[in-house]
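File shown here: start-v7.pdb, holding PDB, C-alpha atoms.
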MODEL        1
ATOM      1  CA  MET I   6      26.345  63.689  15.529  1.00  0.00           C
ATOM      2  CA  ARG I   7      25.377  61.231  18.252  1.00  0.00           C
ATOM      3  CA  ARG I   8      22.348  60.163  16.277  1.00  0.00           C
ATOM      4  CA  THR I   9      24.474  59.414  13.176  1.00  0.00           C
ATOM      5  CA  ALA I  10      26.845  57.277  15.240  1.00  0.00           C
ATOM      6  CA  THR I  11      23.907  55.350  16.707  1.00  0.00           C
ATOM      7  CA  VAL I  12      22.393  54.734  13.272  1.00  0.00           C
ATOM      8  CA  LEU I  13      25.733  53.527  11.880  1.00  0.00           C
ATOM      9  CA  ALA I  14      26.304  51.246  14.882  1.00  0.00           C
ATOM     10  CA  THR I  15      22.828  49.763  14.495  1.00  0.00           C
ATOM     11  CA  ALA I  16      23.395  49.179  10.782  1.00  0.00           C
ATOM     12  CA  LEU I  17      26.718  47.444  11.460  1.00  0.00           C
ATOM     13  CA  LEU I  18      25.170  45.177  14.089  1.00  0.00           C
ATOM     14  CA  ALA I  19      22.301  44.286  11.763  1.00  0.00           C
ATOM     15  CA  GLY I  20      24.760  43.484   8.983  1.00  0.00           C
ATOM     16  CA  ALA I  21      26.857  41.310  11.286  1.00  0.00           C
ATOM     17  CA  ALA I  22      23.754  39.439  12.427  1.00  0.00           C
ATOM     18  CA  ALA I  23      22.711  38.832   8.820  1.00  0.00           C
ATOM     19  CA  LEU I  24      26.131  37.443   7.979  1.00  0.00           C
ATOM     20  CA  THR I  25      26.257  35.052  10.920  1.00  0.00           C
ATOM     21  CA  ALA I  26      22.728  33.656  10.470  1.00  0.00           C
ATOM     22  CA  PRO I  27      23.562  31.621   7.315  1.00  0.00           C
ATOM     23  CA  ALA I  28      26.702  30.275   9.013  1.00  0.00           C
ATOM     24  CA  ALA I  29      24.633  29.004  11.946  1.00  0.00           C
ATOM     25  CA  THR I  30      22.230  27.272   9.547  1.00  0.00           C
ATOM     26  CA  ALA I  31      25.113  25.713   7.622  1.00  0.00           C
ATOM     27  CA  ALA I  32      26.619  24.405  10.847  1.00  0.00           C
ATOM     28  CA  GLY I  33      23.770  21.933  11.188  1.00  0.00           C
ATOM     29  CA  SER I  34      20.992  23.717  13.031  1.00  0.00           C
ATOM     30  CA  GLY I  35      18.848  23.912   9.876  1.00  0.00           C
ATOM     31  CA  PRO I  36      17.262  21.177   7.790  1.00  0.00           C
ATOM     32  CA  GLN I  37      19.642  18.944   5.863  1.00  0.00           C
ATOM     33  CA  VAL I  38      19.180  18.548   2.115  1.00  0.00           C
ATOM     34  CA  THR I  39      19.911  15.191   0.511  1.00  0.00           C
ATOM     35  CA  PRO I  40      21.631  15.447  -2.882  1.00  0.00           C
ATOM     36  CA  PRO I  41      19.741  13.872  -5.801  1.00  0.00           C
ATOM     37  CA  ALA I  42      20.568  10.304  -6.707  1.00  0.00           C
ATOM     38  CA  PRO I  43      22.528   9.738  -9.925  1.00  0.00           C
ATOM     39  CA  VAL I  44      20.381   8.862 -12.934  1.00  0.00           C
ATOM     40  CA  ALA I  45      22.556   6.012 -14.153  1.00  0.00           C
ATOM     41  CA  ASP I  46      24.314   3.119 -12.459  1.00  0.00           C
ATOM     42  CA  ALA I  47      28.010   3.461 -11.743  1.00  0.00           C
ATOM     43  CA  VAL I  48      28.442   0.256 -13.763  1.00  0.00           C
ATOM     44  CA  ALA I  49      26.981   2.014 -16.817  1.00  0.00           C
ATOM     45  CA  ALA I  50      29.454   4.874 -16.484  1.00  0.00           C
ATOM     46  CA  GLU I  51      32.348   2.427 -16.217  1.00  0.00           C
ATOM     47  CA  ASN I  52      31.321   0.741 -19.488  1.00  0.00           C
ATOM     48  CA  CYS I  53      31.394   3.974 -21.517  1.00  0.00           C
ATOM     49  CA  SER I  54      34.336   5.782 -23.028  1.00  0.00           C
ATOM     50  CA  LEU I  55      35.192   8.761 -25.233  1.00  0.00           C
ATOM     51  CA  SER I  56      37.789   8.776 -27.996  1.00  0.00           C
ATOM     52  CA  GLY I  57      39.035  11.457 -30.359  1.00  0.00           C
ATOM     53  CA  ARG I  58      39.344  15.065 -29.186  1.00  0.00           C
ATOM     54  CA  ILE I  59      40.343  17.391 -32.018  1.00  0.00           C
ATOM     55  CA  THR I  60      37.232  18.346 -33.988  1.00  0.00           C
ATOM     56  CA  ALA I  61      35.056  15.345 -33.094  1.00  0.00           C
ATOM     57  CA  VAL I  62      34.565  12.858 -30.305  1.00  0.00           C
ATOM     58  CA  VAL I  63      33.085   9.347 -30.353  1.00  0.00           C
ATOM     59  CA  GLY I  64      31.285   7.948 -27.314  1.00  0.00           C
ATOM     60  CA  THR I  65      30.941   4.187 -26.990  1.00  0.00           C
ATOM     61  CA  CYS I  66      28.928   2.287 -24.370  1.00  0.00           C
ATOM     62  CA  THR I  67      28.639  -1.455 -23.779  1.00  0.00           C
ATOM     63  CA  GLY I  68      26.698  -3.543 -21.281  1.00  0.00           C
ATOM     64  CA  LEU I  69      23.851  -1.034 -20.875  1.00  0.00           C
ATOM     65  CA  ASP I  70      20.158  -1.748 -20.494  1.00  0.00           C
ATOM     66  CA  PRO I  71      18.775  -1.684 -24.082  1.00  0.00           C
ATOM     67  CA  ARG I  72      16.306   1.036 -22.995  1.00  0.00           C
ATOM     68  CA  GLN I  73      18.933   3.288 -21.342  1.00  0.00           C
ATOM     69  CA  THR I  74      19.372   6.540 -23.276  1.00  0.00           C
ATOM     70  CA  TRP I  75      22.653   8.420 -23.309  1.00  0.00           C
ATOM     71  CA  GLY I  76      24.477  11.033 -25.332  1.00  0.00           C
ATOM     72  CA  ILE I  77      27.491  13.333 -25.478  1.00  0.00           C
ATOM     73  CA  SER I  78      27.445  16.813 -23.979  1.00  0.00           C
ATOM     74  CA  GLY I  79      30.178  19.415 -24.293  1.00  0.00           C
ATOM     75  CA  TYR I  80      31.466  22.443 -26.116  1.00  0.00           C
ATOM     76  CA  CYS I  81      33.955  23.524 -28.763  1.00  0.00           C
ATOM     77  CA  GLN I  82      36.308  26.462 -28.697  1.00  0.00           C
ATOM     78  CA  GLU I  83      37.942  28.468 -31.452  1.00  0.00           C
ATOM     79  CA  ILE I  84      39.802  31.751 -31.726  1.00  0.00           C
ATOM     80  CA  VAL I  85      38.023  34.432 -33.794  1.00  0.00           C
ATOM     81  CA  ASN I  86      39.770  37.785 -34.276  1.00  0.00           C
ATOM     82  CA  GLY I  87      42.025  37.006 -31.322  1.00  0.00           C
ATOM     83  CA  PHE I  88      39.180  36.166 -28.917  1.00  0.00           C
ATOM     84  CA  PRO I  89      38.086  32.713 -27.702  1.00  0.00           C
ATOM     85  CA  VAL I  90      34.606  31.731 -28.857  1.00  0.00           C
ATOM     86  CA  ILE I  91      32.725  28.867 -27.209  1.00  0.00           C
ATOM     87  CA  GLU I  92      30.141  26.945 -29.228  1.00  0.00           C
ATOM     88  CA  PRO I  93      28.055  23.848 -28.447  1.00  0.00           C
ATOM     89  CA  LEU I  94      29.270  20.403 -29.372  1.00  0.00           C
ATOM     90  CA  TRP I  95      26.769  19.015 -31.906  1.00  0.00           C
ATOM     91  CA  SER I  96      25.710  15.401 -31.431  1.00  0.00           C
ATOM     92  CA  ALA I  97      24.090  13.122 -33.999  1.00  0.00           C
ATOM     93  CA  GLY I  98      21.446  12.203 -31.425  1.00  0.00           C
ATOM     94  CA  PRO I  99      21.034  10.207 -28.277  1.00  0.00           C
ATOM     95  CA  GLY I 100      22.128   6.600 -28.134  1.00  0.00           C
ATOM     96  CA  THR I 101      20.007   3.827 -26.689  1.00  0.00           C
ATOM     97  CA  GLY I 102      21.634   0.799 -25.110  1.00  0.00           C
ATOM     98  CA  ASP I 103      24.958  -0.407 -26.459  1.00  0.00           C
ATOM     99  CA  GLY I 104      26.552   1.456 -29.347  1.00  0.00           C
ATOM    100  CA  SER I 105      28.371   4.604 -30.414  1.00  0.00           C
ATOM    101  CA  VAL I 106      27.442   8.278 -30.830  1.00  0.00           C
ATOM    102  CA  VAL I 107      29.500  10.925 -32.641  1.00  0.00           C
ATOM    103  CA  ALA I 108      29.636  14.596 -31.673  1.00  0.00           C
ATOM    104  CA  THR I 109      31.419  17.228 -33.757  1.00  0.00           C
ATOM    105  CA  CYS I 110      32.389  20.887 -33.820  1.00  0.00           C
ATOM    106  CA  ILE I 111      30.286  21.803 -36.856  1.00  0.00           C
ATOM    107  CA  TYR I 112      30.932  25.545 -36.446  1.00  0.00           C
ATOM    108  CA  GLY I 113      34.711  25.122 -36.385  1.00  0.00           C
ATOM    109  CA  GLY I 114      37.236  24.989 -33.597  1.00  0.00           C
ATOM    110  CA  TRP I 115      38.224  22.046 -31.479  1.00  0.00           C
ATOM    111  CA  VAL I 116      36.612  19.955 -28.750  1.00  0.00           C
ATOM    112  CA  ALA I 117      37.323  21.724 -25.457  1.00  0.00           C
ATOM    113  CA  SER I 118      35.104  19.597 -23.208  1.00  0.00           C
ATOM    114  CA  ALA I 119      33.055  16.431 -23.677  1.00  0.00           C
ATOM    115  CA  ARG I 120      31.327  13.962 -21.383  1.00  0.00           C
ATOM    116  CA  ILE I 121      28.784  11.180 -21.604  1.00  0.00           C
ATOM    117  CA  VAL I 122      25.431  11.964 -20.004  1.00  0.00           C
ATOM    118  CA  PHE I 123      22.659   9.497 -19.243  1.00  0.00           C
ATOM    119  CA  GLY I 124      18.908   9.851 -19.483  1.00  0.00           C
ATOM    120  CA  PRO I 125      16.585   8.610 -16.739  1.00  0.00           C
ATOM    121  CA  LYS I 126      17.177   5.078 -15.567  1.00  0.00           C
ATOM    122  CA  PRO I 127      14.674   2.717 -17.253  1.00  0.00           C
ATOM    123  CA  LEU I 128      11.967   1.300 -15.028  1.00  0.00           C
ATOM    124  CA  ALA I 129      12.237  -2.353 -14.101  1.00  0.00           C
ATOM    125  CA  GLY I 130      10.013  -4.708 -15.975  1.00  0.00           C
TER     126      GLY I 130
ENDMDL
END

structure tokens encoding of this file:
Amino acid sequence: MRRTATVLATALLAGAAALTAPAATAAGSGPQVTPPAPVADAVAAENCSLSGRITAVVGTCTGLDPRQTWGISGYCQEIVNGFPVIEPLWSAGPGTGDGSVVATCIYGGWVASARIVFGPKPLAG
């Protein structure tokens, strides 16, 4: 009986030590990780907008570098037999520079989420 109590106590102490080790690292004693830099300028994001929101959405960007690629990402939702079904938002392709891109719910449903995403920032020159 004594042996069982000792084994359980040791297991509890080991578990407590394992739980506190990540907290000590998060408190600043471990290496700090720098988040990745955004791929597009904040100015580019401010010059883009989305319109529509039922079964299609139109993204429009102005003032971008002519080589900057961008597109629309998101998903559609519909109710099938009483259950919500999530499907990808289909886009006509990536845009480059200024212009518009259309994305639709080709499988049915309505646009539940949409956002403009940018490709890598073009190199200078």

Open item on the list: One decimal, in Å: what's the spacing between atom CA of Ile91 of chain I and atom CA of Gly124 of chain I?
Closed with: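 Going from atom CA of Ile91 of chain I over to atom CA of Gly124 of chain I covers 24.7 Å.
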
TODO: Could you tell me which residues the PyMOL selection byres ((chain I and resi 103) around 10) returns for this structure, as a list in words?
DONE: Asn52, Cys53, Thr65, Cys66, Thr67, Gly68, Leu69, Asp70, Pro71, Arg72, Gln73, Thr74, Trp75, Gly100, Thr101, Gly102, Gly104 and Ser105 of chain I

- [ ] Have a look at I:Ile111, I:Val122, I:Leu128, I:Val85 and name the one nearest to Ala61 of chain I; count only C-alpha atoms.
- [x]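 Of I:Ile111, I:Val122, I:Leu128, I:Val85, the one nearest Ala61 of chain I is I:Ile111, counting only C-alpha atoms.
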
Open item on the list: Under the rule that all atoms listed in the file are counted, which of I:Arg58, I:Val63, I:Phe123, I:Cys81 is the nearest residue to Ala97 of chain I?
Closed with: I:Val63

Task: Atomic separation - atom CA of Ser118 of chain I relative to atom CA of Ile84 of chain I, Å - done: 15.6 Å

Please identify all polymer residues within 12 Å of Val90 of chain I, counting all atoms listed in the file, omitting same-chain residues fewer than 2 positions from it, and present them as a CSV table (one decimal) with C-alpha atoms, in the coordinates of the input.
chain,number,residue,atom,x,y,z
I,80,TYR,CA,31.5,22.4,-26.1
I,81,CYS,CA,34.0,23.5,-28.8
I,82,GLN,CA,36.3,26.5,-28.7
I,83,GLU,CA,37.9,28.5,-31.5
I,84,ILE,CA,39.8,31.8,-31.7
I,85,VAL,CA,38.0,34.4,-33.8
I,86,ASN,CA,39.8,37.8,-34.3
I,87,GLY,CA,42.0,37.0,-31.3
I,88,PHE,CA,39.2,36.2,-28.9
I,92,GLU,CA,30.1,26.9,-29.2
I,93,PRO,CA,28.1,23.8,-28.4
I,112,TYR,CA,30.9,25.5,-36.4
I,113,GLY,CA,34.7,25.1,-36.4
I,114,GLY,CA,37.2,25.0,-33.6
I,115,TRP,CA,38.2,22.0,-31.5
I,116,VAL,CA,36.6,20.0,-28.8
I,117,ALA,CA,37.3,21.7,-25.5

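Relative to atom CA of Thr60 of chain I, atom CA of Pro125 of chain I is found at 28.6 Å.
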
TODO: Go through I:Leu94, I:Thr109, I:Pro127, I:Ser56 and flag the residue nearest Ser78 of chain I, using all atoms listed in the file for the distances.
DONE: I:Leu94

Open item on the list: Evaluated on this file, the PyMOL selection byres ((chain I and resi 121) around 6) picks out some residues - which ones are they, written as a count of residues only?
Closed with: 4

- [ ] Can you work out which one of I:Pro89, I:Lys126, I:Ile59, I:Gly98 has the shortest atom-to-atom distance to Cys110 of chain I, counting only C-alpha atoms?
- [x]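 Of I:Pro89, I:Lys126, I:Ile59, I:Gly98, the one nearest Cys110 of chain I is I:Ile59, counting only C-alpha atoms.
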